[in-house]
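Enquirer: Next comes target16.csv, CSV, N, CA and C atoms:
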```csv
chain,number,residue,atom,x,y,z
T,19,MET,N,-9.4,-116.1,-66.2
T,19,MET,CA,-8.9,-117.0,-65.2
T,19,MET,C,-7.4,-116.7,-64.8
T,20,GLU,N,-6.7,-116.1,-65.8
T,20,GLU,CA,-5.3,-115.8,-65.6
T,20,GLU,C,-5.2,-114.7,-64.4
T,21,THR,N,-6.0,-113.8,-64.4
T,21,THR,CA,-6.0,-112.7,-63.4
T,21,THR,C,-6.3,-113.3,-62.0
T,22,ILE,N,-7.3,-114.2,-62.0
T,22,ILE,CA,-7.6,-114.8,-60.7
T,22,ILE,C,-6.4,-115.6,-60.2
T,23,VAL,N,-5.8,-116.4,-61.0
T,23,VAL,CA,-4.6,-117.2,-60.6
T,23,VAL,C,-3.5,-116.3,-60.1
T,24,GLN,N,-3.3,-115.2,-60.8
T,24,GLN,CA,-2.2,-114.2,-60.4
T,24,GLN,C,-2.6,-113.6,-59.0
T,25,ILE,N,-3.8,-113.3,-58.8
T,25,ILE,CA,-4.2,-112.7,-57.5
T,25,ILE,C,-4.0,-113.8,-56.4
T,26,CYS,N,-4.4,-115.0,-56.7
T,26,CYS,CA,-4.1,-116.1,-55.7
T,26,CYS,C,-2.6,-116.3,-55.4
T,27,GLN,N,-1.8,-116.2,-56.5
T,27,GLN,CA,-0.4,-116.3,-56.3
T,27,GLN,C,0.1,-115.2,-55.3
T,28,ILE,N,-0.3,-114.0,-55.5
T,28,ILE,CA,0.1,-112.9,-54.7
T,28,ILE,C,-0.4,-113.1,-53.2
T,29,ILE,N,-1.6,-113.5,-53.1
T,29,ILE,CA,-2.2,-113.7,-51.7
T,29,ILE,C,-1.4,-114.8,-51.0
T,30,VAL,N,-1.2,-115.9,-51.7
T,30,VAL,CA,-0.5,-117.0,-51.0
T,30,VAL,C,1.0,-116.6,-50.8
T,31,GLY,N,1.7,-116.1,-51.8
T,31,GLY,CA,3.1,-115.7,-51.6
T,31,GLY,C,3.3,-114.7,-50.5
T,32,CYS,N,2.5,-113.6,-50.5
T,32,CYS,CA,2.7,-112.6,-49.4
T,32,CYS,C,2.2,-113.2,-48.1
T,33,GLY,N,1.2,-114.0,-48.1
T,33,GLY,CA,0.7,-114.5,-46.8
T,33,GLY,C,1.8,-115.4,-46.2
T,34,LEU,N,2.4,-116.3,-47.0
T,34,LEU,CA,3.4,-117.2,-46.4
T,34,LEU,C,4.6,-116.4,-45.9
T,35,LEU,N,5.0,-115.4,-46.7
T,35,LEU,CA,6.2,-114.6,-46.2
T,35,LEU,C,5.8,-113.8,-44.9
T,36,ASN,N,4.6,-113.4,-44.8
T,36,ASN,CA,4.2,-112.7,-43.6
T,36,ASN,C,4.3,-113.7,-42.4
T,37,VAL,N,3.7,-114.9,-42.5
T,37,VAL,CA,3.7,-115.8,-41.4
T,37,VAL,C,5.1,-116.3,-41.1
T,38,TRP,N,5.9,-116.6,-42.1
T,38,TRP,CA,7.2,-117.2,-41.8
T,38,TRP,C,8.4,-116.2,-41.6
T,39,LEU,N,8.2,-115.0,-42.1
T,39,LEU,CA,9.3,-114.0,-41.9
T,39,LEU,C,9.0,-113.0,-40.8
T,40,LEU,N,7.7,-112.6,-40.8
T,40,LEU,CA,7.3,-111.5,-39.8
T,40,LEU,C,6.7,-112.0,-38.6
T,41,ARG,N,6.0,-113.1,-38.6
T,41,ARG,CA,5.2,-113.6,-37.4
T,41,ARG,C,5.8,-114.9,-36.8
T,42,PHE,N,7.0,-115.3,-37.3
T,42,PHE,CA,7.5,-116.6,-36.8
T,42,PHE,C,7.6,-116.7,-35.3
T,43,ASN,N,8.0,-115.6,-34.6
T,43,ASN,CA,8.1,-115.6,-33.2
T,43,ASN,C,7.0,-115.0,-32.4
T,44,LYS,N,5.9,-114.8,-33.1
T,44,LYS,CA,4.7,-114.1,-32.5
T,44,LYS,C,3.5,-115.1,-32.3
T,45,ALA,N,2.8,-114.9,-31.3
T,45,ALA,CA,1.6,-115.6,-31.0
T,45,ALA,C,0.5,-115.1,-32.0
T,46,THR,N,-0.3,-116.1,-32.4
T,46,THR,CA,-1.5,-115.7,-33.2
T,46,THR,C,-2.7,-116.6,-32.7
T,47,ALA,N,-3.9,-116.3,-33.1
T,47,ALA,CA,-5.0,-117.1,-32.7
T,47,ALA,C,-5.1,-118.4,-33.5
T,48,TYR,N,-4.2,-118.6,-34.4
T,48,TYR,CA,-4.3,-119.7,-35.3
T,48,TYR,C,-3.1,-120.7,-35.0
T,49,ARG,N,-2.3,-120.5,-34.1
T,49,ARG,CA,-1.2,-121.4,-33.8
T,49,ARG,C,-1.8,-122.7,-33.2
T,50,GLY,N,-1.2,-123.8,-33.5
T,50,GLY,CA,-1.6,-125.1,-33.0
T,50,GLY,C,-1.5,-125.2,-31.5
T,51,SER,N,-2.5,-125.9,-30.9
T,51,SER,CA,-2.5,-126.1,-29.5
T,51,SER,C,-2.5,-124.8,-28.8
T,52,SER,N,-1.5,-124.7,-27.8
T,52,SER,CA,-1.4,-123.4,-27.1
T,52,SER,C,-0.1,-122.7,-27.4
T,53,ALA,N,0.5,-123.0,-28.6
T,53,ALA,CA,1.8,-122.5,-29.0
T,53,ALA,C,1.8,-121.0,-29.1
T,54,ALA,N,2.9,-120.4,-28.6
T,54,ALA,CA,3.1,-118.9,-28.7
T,54,ALA,C,4.0,-118.5,-29.9
T,55,ASN,N,4.6,-119.4,-30.6
T,55,ASN,CA,5.4,-119.1,-31.7
T,55,ASN,C,5.5,-120.4,-32.6
T,56,MET,N,6.2,-120.2,-33.7
T,56,MET,CA,6.3,-121.3,-34.7
T,56,MET,C,7.0,-122.6,-34.1
T,57,ARG,N,8.1,-122.4,-33.4
T,57,ARG,CA,8.8,-123.5,-32.8
T,57,ARG,C,8.0,-124.3,-31.9
T,58,GLU,N,7.2,-123.6,-31.0
T,58,GLU,CA,6.3,-124.2,-30.0
T,58,GLU,C,5.2,-124.9,-30.8
T,59,GLU,N,4.8,-124.4,-31.9
T,59,GLU,CA,3.7,-125.0,-32.6
T,59,GLU,C,4.2,-126.4,-33.2
T,60,PHE,N,5.4,-126.5,-33.7
T,60,PHE,CA,5.9,-127.7,-34.2
T,60,PHE,C,6.1,-128.7,-33.1
T,61,ALA,N,6.5,-128.2,-31.9
T,61,ALA,CA,6.7,-129.1,-30.7
T,61,ALA,C,5.3,-129.6,-30.3
T,62,ALA,N,4.3,-128.8,-30.4
T,62,ALA,CA,3.0,-129.2,-30.0
T,62,ALA,C,2.5,-130.3,-30.9
T,63,TYR,N,2.9,-130.3,-32.1
T,63,TYR,CA,2.5,-131.4,-33.1
T,63,TYR,C,3.4,-132.6,-32.9
T,64,ARG,N,4.4,-132.5,-32.0
T,64,ARG,CA,5.3,-133.6,-31.7
T,64,ARG,C,6.2,-133.9,-33.0
T,65,LEU,N,6.6,-132.9,-33.7
T,65,LEU,CA,7.4,-133.0,-34.8
T,65,LEU,C,8.9,-132.6,-34.4
T,66,PRO,N,9.9,-133.2,-35.0
T,66,PRO,CA,11.3,-132.8,-34.6
T,66,PRO,C,11.5,-131.4,-34.9
T,67,ALA,N,12.4,-130.8,-34.1
T,67,ALA,CA,12.8,-129.3,-34.3
T,67,ALA,C,13.2,-129.0,-35.7
T,68,TRP,N,14.0,-129.9,-36.3
T,68,TRP,CA,14.5,-129.6,-37.7
T,68,TRP,C,13.3,-129.5,-38.7
T,69,SER,N,12.2,-130.1,-38.4
T,69,SER,CA,11.1,-130.1,-39.4
T,69,SER,C,10.5,-128.6,-39.5
T,70,CYS,N,10.6,-127.9,-38.5
T,70,CYS,CA,10.1,-126.5,-38.5
T,70,CYS,C,10.9,-125.7,-39.6
T,71,TYR,N,12.2,-125.9,-39.6
T,71,TYR,CA,13.1,-125.2,-40.5
T,71,TYR,C,13.0,-125.7,-41.9
T,72,LEU,N,12.8,-127.0,-42.1
T,72,LEU,CA,12.6,-127.6,-43.4
T,72,LEU,C,11.3,-127.1,-44.0
T,73,VAL,N,10.2,-127.1,-43.2
T,73,VAL,CA,8.9,-126.6,-43.7
T,73,VAL,C,9.0,-125.1,-44.0
T,74,GLY,N,9.7,-124.4,-43.1
T,74,GLY,CA,9.8,-122.9,-43.4
T,74,GLY,C,10.6,-122.7,-44.6
T,75,PHE,N,11.7,-123.4,-44.9
T,75,PHE,CA,12.5,-123.2,-46.1
T,75,PHE,C,11.6,-123.5,-47.3
T,76,LEU,N,10.8,-124.6,-47.3
T,76,LEU,CA,10.0,-124.9,-48.4
T,76,LEU,C,8.9,-123.9,-48.6
T,77,LYS,N,8.3,-123.4,-47.6
T,77,LYS,CA,7.2,-122.4,-47.7
T,77,LYS,C,7.8,-121.1,-48.2
T,78,VAL,N,8.9,-120.6,-47.6
T,78,VAL,CA,9.4,-119.3,-48.1
T,78,VAL,C,9.9,-119.4,-49.5
T,79,THR,N,10.6,-120.5,-49.8
T,79,THR,CA,11.1,-120.7,-51.2
T,79,THR,C,9.9,-120.7,-52.2
T,80,SER,N,8.9,-121.4,-51.8
T,80,SER,CA,7.7,-121.5,-52.7
T,80,SER,C,7.0,-120.2,-52.8
T,81,ALA,N,6.9,-119.4,-51.7
T,81,ALA,CA,6.3,-118.1,-51.7
T,81,ALA,C,7.0,-117.2,-52.7
T,82,PHE,N,8.4,-117.2,-52.7
T,82,PHE,CA,9.1,-116.4,-53.6
T,82,PHE,C,8.9,-116.9,-55.0
T,83,ALA,N,8.8,-118.2,-55.2
T,83,ALA,CA,8.6,-118.8,-56.5
T,83,ALA,C,7.2,-118.4,-57.1
T,84,LEU,N,6.2,-118.4,-56.2
T,84,LEU,CA,4.8,-117.9,-56.6
T,84,LEU,C,4.9,-116.5,-57.1
T,85,LEU,N,5.6,-115.6,-56.3
T,85,LEU,CA,5.6,-114.2,-56.7
T,85,LEU,C,6.5,-114.0,-58.0
T,86,ALA,N,7.6,-114.8,-58.1
T,86,ALA,CA,8.4,-114.7,-59.3
T,86,ALA,C,7.7,-115.3,-60.5
T,87,GLY,N,6.7,-116.2,-60.2
T,87,GLY,CA,5.9,-116.8,-61.2
T,87,GLY,C,5.1,-115.8,-62.0
T,88,LEU,N,4.9,-114.6,-61.5
T,88,LEU,CA,4.2,-113.6,-62.2
T,88,LEU,C,5.0,-113.2,-63.4
T,89,ILE,N,6.3,-113.3,-63.4
T,89,ILE,CA,7.1,-113.1,-64.5
T,89,ILE,C,7.6,-114.3,-65.2
T,90,TYR,N,7.9,-115.4,-64.4
T,90,TYR,CA,8.3,-116.7,-64.9
T,90,TYR,C,7.3,-117.7,-64.6
T,91,PRO,N,6.3,-117.9,-65.4
T,91,PRO,CA,5.1,-118.8,-65.1
T,91,PRO,C,5.5,-120.3,-64.8
T,92,ALA,N,6.6,-120.7,-65.3
T,92,ALA,CA,7.0,-122.1,-65.1
T,92,ALA,C,7.2,-122.4,-63.6
T,93,LEU,N,7.5,-121.4,-62.8
T,93,LEU,CA,7.7,-121.6,-61.4
T,93,LEU,C,6.4,-121.9,-60.6
T,94,VAL,N,5.3,-121.5,-61.1
T,94,VAL,CA,4.1,-121.5,-60.4
T,94,VAL,C,3.5,-122.9,-60.0
T,95,PHE,N,3.4,-123.8,-61.0
T,95,PHE,CA,2.8,-125.0,-60.7
T,95,PHE,C,3.5,-125.8,-59.6
T,96,PRO,N,4.8,-126.0,-59.7
T,96,PRO,CA,5.5,-126.8,-58.7
T,96,PRO,C,5.5,-126.1,-57.3
T,97,ALA,N,5.5,-124.8,-57.3
T,97,ALA,CA,5.5,-124.1,-56.0
T,97,ALA,C,4.1,-124.2,-55.4
T,98,ALA,N,3.0,-124.1,-56.2
T,98,ALA,CA,1.7,-124.2,-55.6
T,98,ALA,C,1.4,-125.7,-55.2
T,99,ALA,N,2.0,-126.6,-55.9
T,99,ALA,CA,1.8,-128.1,-55.5
T,99,ALA,C,2.5,-128.3,-54.1
T,100,ILE,N,3.7,-127.8,-54.0
T,100,ILE,CA,4.4,-127.9,-52.7
T,100,ILE,C,3.6,-127.3,-51.5
T,101,VAL,N,3.2,-126.1,-51.8
T,101,VAL,CA,2.4,-125.4,-50.7
T,101,VAL,C,1.1,-126.2,-50.4
T,102,ALA,N,0.4,-126.7,-51.4
T,102,ALA,CA,-0.8,-127.4,-51.2
T,102,ALA,C,-0.6,-128.7,-50.3
T,103,VAL,N,0.5,-129.4,-50.6
T,103,VAL,CA,0.8,-130.6,-49.8
T,103,VAL,C,1.1,-130.2,-48.4
T,104,LEU,N,1.9,-129.1,-48.2
T,104,LEU,CA,2.2,-128.6,-46.8
T,104,LEU,C,1.0,-128.1,-46.1
T,105,MET,N,0.1,-127.5,-46.8
T,105,MET,CA,-1.2,-127.0,-46.2
T,105,MET,C,-2.1,-128.2,-45.8
T,106,ALA,N,-2.1,-129.2,-46.6
T,106,ALA,CA,-2.9,-130.4,-46.2
T,106,ALA,C,-2.3,-131.0,-44.9
T,107,GLY,N,-0.9,-131.0,-44.9
T,107,GLY,CA,-0.2,-131.5,-43.7
T,107,GLY,C,-0.5,-130.6,-42.5
T,108,ALA,N,-0.6,-129.3,-42.7
T,108,ALA,CA,-0.9,-128.4,-41.6
T,108,ALA,C,-2.3,-128.6,-41.0
T,109,VAL,N,-3.3,-128.9,-41.9
T,109,VAL,CA,-4.6,-129.2,-41.5
T,109,VAL,C,-4.6,-130.5,-40.7
T,110,ALA,N,-3.9,-131.5,-41.2
T,110,ALA,CA,-3.8,-132.7,-40.4
T,110,ALA,C,-3.2,-132.6,-39.1
T,111,MET,N,-2.2,-131.7,-38.9
T,111,MET,CA,-1.6,-131.5,-37.6
T,111,MET,C,-2.6,-130.8,-36.6
T,112,HIS,N,-3.4,-129.9,-37.1
T,112,HIS,CA,-4.4,-129.3,-36.3
T,112,HIS,C,-5.4,-130.3,-35.8
T,113,VAL,N,-5.8,-131.2,-36.7
T,113,VAL,CA,-6.7,-132.3,-36.3
T,113,VAL,C,-6.0,-133.2,-35.3
T,114,LYS,N,-4.8,-133.5,-35.5
T,114,LYS,CA,-4.0,-134.4,-34.6
T,114,LYS,C,-4.0,-133.9,-33.2
T,115,VAL,N,-3.9,-132.6,-33.0
T,115,VAL,CA,-3.8,-132.1,-31.6
T,115,VAL,C,-5.2,-131.6,-31.1
T,116,GLY,N,-6.2,-131.9,-31.9
T,116,GLY,CA,-7.6,-131.6,-31.5
T,116,GLY,C,-7.9,-130.1,-31.4
T,117,ASP,N,-7.3,-129.3,-32.3
T,117,ASP,CA,-7.6,-127.9,-32.4
T,117,ASP,C,-9.0,-127.7,-32.9
T,118,PRO,N,-9.7,-126.6,-32.5
T,118,PRO,CA,-11.0,-126.3,-33.1
T,118,PRO,C,-10.8,-125.9,-34.6
T,119,LEU,N,-11.9,-126.0,-35.4
T,119,LEU,CA,-11.8,-125.7,-36.8
T,119,LEU,C,-11.2,-124.3,-37.1
T,120,LYS,N,-11.5,-123.4,-36.2
T,120,LYS,CA,-11.0,-122.0,-36.5
T,120,LYS,C,-9.5,-121.9,-36.7
T,121,LYS,N,-8.8,-122.8,-36.0
T,121,LYS,CA,-7.3,-122.7,-36.1
T,121,LYS,C,-6.9,-123.3,-37.4
T,122,SER,N,-7.7,-124.1,-38.1
T,122,SER,CA,-7.3,-124.7,-39.4
T,122,SER,C,-7.7,-123.8,-40.6
T,123,LEU,N,-8.5,-122.8,-40.3
T,123,LEU,CA,-9.1,-122.0,-41.4
T,123,LEU,C,-8.0,-121.4,-42.3
T,124,PRO,N,-6.9,-120.8,-41.8
T,124,PRO,CA,-5.9,-120.2,-42.7
T,124,PRO,C,-5.3,-121.3,-43.6
T,125,ALA,N,-4.9,-122.4,-43.0
T,125,ALA,CA,-4.4,-123.5,-43.8
T,125,ALA,C,-5.3,-124.0,-44.9
T,126,LEU,N,-6.6,-124.1,-44.5
T,126,LEU,CA,-7.6,-124.5,-45.5
T,126,LEU,C,-7.8,-123.5,-46.6
T,127,GLY,N,-7.8,-122.2,-46.2
T,127,GLY,CA,-7.9,-121.2,-47.2
T,127,GLY,C,-6.7,-121.2,-48.2
T,128,VAL,N,-5.5,-121.3,-47.6
T,128,VAL,CA,-4.3,-121.3,-48.5
T,128,VAL,C,-4.4,-122.6,-49.4
T,129,LEU,N,-4.8,-123.7,-48.9
T,129,LEU,CA,-4.9,-124.9,-49.6
T,129,LEU,C,-5.9,-124.7,-50.8
T,130,LEU,N,-7.0,-124.1,-50.5
T,130,LEU,CA,-8.0,-123.8,-51.6
T,130,LEU,C,-7.5,-122.8,-52.6
T,131,LEU,N,-6.7,-121.8,-52.2
T,131,LEU,CA,-6.1,-120.9,-53.2
T,131,LEU,C,-5.1,-121.6,-54.0
T,132,CYS,N,-4.4,-122.6,-53.4
T,132,CYS,CA,-3.4,-123.4,-54.2
T,132,CYS,C,-4.1,-124.3,-55.2
T,133,VAL,N,-5.3,-124.8,-54.8
T,133,VAL,CA,-6.0,-125.6,-55.8
T,133,VAL,C,-6.5,-124.7,-57.0
T,134,VAL,N,-6.9,-123.5,-56.7
T,134,VAL,CA,-7.3,-122.6,-57.8
T,134,VAL,C,-6.1,-122.4,-58.7
T,135,ILE,N,-4.9,-122.1,-58.1
T,135,ILE,CA,-3.7,-121.9,-58.9
T,135,ILE,C,-3.4,-123.1,-59.7
T,136,LEU,N,-3.4,-124.3,-59.1
T,136,LEU,CA,-3.1,-125.5,-59.8
T,136,LEU,C,-4.0,-125.8,-61.0
T,137,VAL,N,-5.3,-125.6,-60.7
T,137,VAL,CA,-6.3,-125.8,-61.8
T,137,VAL,C,-6.1,-124.8,-62.9
T,138,GLY,N,-5.8,-123.5,-62.5
T,138,GLY,CA,-5.6,-122.5,-63.5
T,138,GLY,C,-4.3,-122.7,-64.3
T,139,ARG,N,-3.3,-123.3,-63.7
T,139,ARG,CA,-2.0,-123.5,-64.4
T,139,ARG,C,-1.9,-124.9,-65.0
T,140,ALA,N,-2.8,-125.7,-64.8
T,140,ALA,CA,-2.7,-127.1,-65.3
T,140,ALA,C,-2.4,-127.2,-66.8
T,141,GLY,N,-2.9,-126.3,-67.6
T,141,GLY,CA,-2.6,-126.3,-69.0
T,141,GLY,C,-1.3,-125.8,-69.5
T,142,TYR,N,-0.5,-125.3,-68.5
T,142,TYR,CA,0.8,-124.6,-68.9
T,142,TYR,C,1.9,-125.6,-68.9
```
Take the structure in the file and write it out as C-alpha cells.
Expert:
Amino acid sequence: METIVQICQIIVGCGLLNVWLLRFNKATAYRGSSAANMREEFAAYRLPAWSCYLVGFLKVTSAFALLAGLIYPALVFPAAAIVAVLMAGAVAMHVKVGDPLKKSLPALGVLLLCVVILVGRAGY
C-alpha cells in the first residue's frame, strides 16, 4: 500500500504543479465554461479574482508538500486533505456552470487519488 500511496502523491503533486505553474495561462479542454485560462475559469464560476490566487497558493503549496512527503511523511495527510477539499469544490464549480462530465474528470480523478492517499496514510 505504501508504494501505491507514494505513486499517488507523485501523480497529484506533479499534476497540480503542471496545471498551476505551466498551464495557468493556457486553454485546455477541461477549463470551466468557455474559459481560456485560469483567471477566466474562476470568473466563469463567479468567484472573486483573489480566490484564484488563494486556491493556487493552496494547491501549489500542497503539491510541494505531497512531494516532500516522500521524505517527510507527516506532510502528506494534511496536504492530501486540503487538495481533496479543493477538488470537491472544483467538481461543484463545474456542476454550477453546467459543464459536461468530461470537464470534471480531472478534478474527480485527483479527488480519488487523494482519497487513496488519505486512506493509506490514516494510520500514520
Enquirer: Considering all atoms listed in the file, return as a PyMOL selection string whatever protein or nucleic-acid residues lie within 6.5 Å of segment 35-46 of chain T, sequence-local ones (same chain, fewer than 3 positions apart) excluded.
Expert: chain T and resi 30-32+49+53-57+74+78+81
Enquirer: Please give the complete set of residues from segment 47-131 of chain T that DSSP, run on the backbone, assigns to alpha helix (DSSP H), formatted as a ChimeraX atom specification.
Expert: /T:56-62,67-86,94-114,119-131
Enquirer: Using Å and a single decimal, report how far atom CA of Phe95 of chain T sits from atom C of Ile135 of chain T.
Expert: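 For atom C of Ile135 of chain T relative to atom CA of Phe95 of chain T, the distance reads 6.6 Å.
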Enquirer: For a quick check of understanding, using all atoms listed in the file, which of T:Val101, T:Met19, T:Ile29, T:Tyr71 has the smallest distance to Arg139 of chain T?
Expert: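 Of the candidates, the smallest distance to Arg139 of chain T is held by T:Met19.
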Enquirer: Just give me the residues with any atom within 12 Å of (-4.1, -119.3, -56.2), file coordinates, counting only C-alpha atoms, written as an MDAnalysis selection string.
Expert: chainID T and resid 19:33 81 84:85 87:88 94:95 97:99 101:102 127:139
